[in-house]
Each structure stands twice: as C-alpha cells, then as structure tokens.
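Here the structure is laid out as structure tokens; the discussion comes afterwards.
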Amino acid sequence: QGQLVESGGGSVEAGESLRLSCAASRSISGINNMAWFRQTPGKQRELVALIGSGTRLNYADFVEGRFTISRARVGNTVYLQMNNLKPEDTGVYYCRLTGPWGDYWGQGIQVTVSS
C-alpha cells in the first residue's frame, strides 16, 4: 500500500507562513483528489483544501484566500502554502489522497501559530 509522508510543519508567529508537503513513498495511480485536512483543539477533523482532477479547487471558508493548494507536475506530491497564519490555525494537518481504491491518509503534522 502507498504511504504518505508530510513535512513542513512547525511553530511560527501570527502573520508568518508555512508550506506543507505531502509525498507518497511509492507510486499511486488513479488518484482522483488530493486534499489537506486539519484537526484543531476541541474540534473534529475538517477539510482545509482540495485539488481534484483537472483544475478543480475547493477551500474551506476559514481559509479566506490565505492558503493555496497545489500538486507537483510529476509524482504524487501535494502542497499547502499557508500565508498570514493565525493562532486559530494551530492544529494537526493531514493530507489525504482518494481514488477508486479508497483513500490514504498521512500521519499528520503539527502546525503551531503563536500570537
């Protein structure tokens, strides 16, 4: 089975940026969607951004134009550029790939934003 590895998390101050990456450790074919979710303290896991087949992009309302999801042209890597981070963005971020075979989740990576 494929395995997803996330990187790029860490601790920053409000207003700063982070770029998350999620790479598959082996080739995965037939991907329909690549997405980032997050789980913030006291809340359930929620969708942050999704990139579907073609150019379809979806963002959660709380993104407010601050985040950009993208994928590598070659391979199965998805990125999340996060700008103007806020303390309420603190949480664990997960990537997810879906296809006709089901889905793969990353292990999660911590993002901490201090005020």
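Ligands are numbered from 1 in the order shown, chains are lettered A, B, ... in the order of the structure tokens, and residues start at 1 in each chain.
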inquiry  = I'd like the contact shell of Arg38 in chain A - 6 Å cut-off, only C-alpha atoms, skipping same-chain residues fewer than 2 positions apart - returned as a count of residues only.
reply    = 5
message = Residues within 7 Å of range 95-110 of chain A, please, as a PyMOL selection string. Count only C-alpha atoms; anything in the same chain fewer than 3 positions from it doesn't count.
response = chain A and resi 4-7+9-10+22+30-37+91-92
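One finds CA of Tyr79 in chain A at 16.1 Å from CA of Gly54 in chain A.
Nearest residue to Gly52 in chain A among A:Ser11, A:Ser114, A:Ser70, A:Asn84 is A:Ser70, counting only C-alpha atoms.
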query = In chain A, what's strand (DSSP E) per DSSP? Answer as a ChimeraX atom specification?
reply = /A:4-7,10-13,18-24,33-39,46-51,57-59,67-71,77-82,91-99,102-105,109-114
query = If we count only C-alpha atoms, what is near Ile69 in chain A at a cut-off of 9 Å, once residues fewer than 6 positions away on the same chain are taken out, given as a list in words?
reply = Ala35, Trp36, Ala49, Leu50, Ile51, Leu57, Asn58, Tyr59, Val78, Tyr79, Leu80, Gln81 and Met82 of chain A
File of the preceding selection, C-alpha atoms, as a PDB file, in the first residue's frame:
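File selection.pdb, as written:
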ATOM      1  CA  ALA A  35      -6.578  17.227  -0.019  1.00  0.00           C
ATOM      2  CA  TRP A  36      -5.459  18.718   3.250  1.00  0.00           C
ATOM      3  CA  ALA A  49      -8.375  22.493   0.779  1.00  0.00           C
ATOM      4  CA  LEU A  50      -8.840  20.019  -2.032  1.00  0.00           C
ATOM      5  CA  ILE A  51      -7.470  19.724  -5.530  1.00  0.00           C
ATOM      6  CA  LEU A  57     -10.069  23.522  -6.296  1.00  0.00           C
ATOM      7  CA  ASN A  58     -12.074  23.752  -3.092  1.00  0.00           C
ATOM      8  CA  TYR A  59     -11.203  25.738   0.020  1.00  0.00           C
ATOM      9  CA  VAL A  78       0.616  17.848  -2.816  1.00  0.00           C
ATOM     10  CA  TYR A  79       1.490  21.159  -1.196  1.00  0.00           C
ATOM     11  CA  LEU A  80      -0.293  23.605   1.029  1.00  0.00           C
ATOM     12  CA  GLN A  81       1.132  27.111   1.092  1.00  0.00           C
ATOM     13  CA  MET A  82      -0.196  28.862   4.185  1.00  0.00           C
TER      14      MET A  82
END
ask   = Could you name the residues that touch Glu13 in chain A at 9 Å or less, counting only C-alpha atoms, but leaving out those on the same chain fewer than 4 positions away, as a list in words?
value = Ser17, Leu85, Lys86, Pro87, Thr112, Val113, Ser114 and Ser115 of chain A
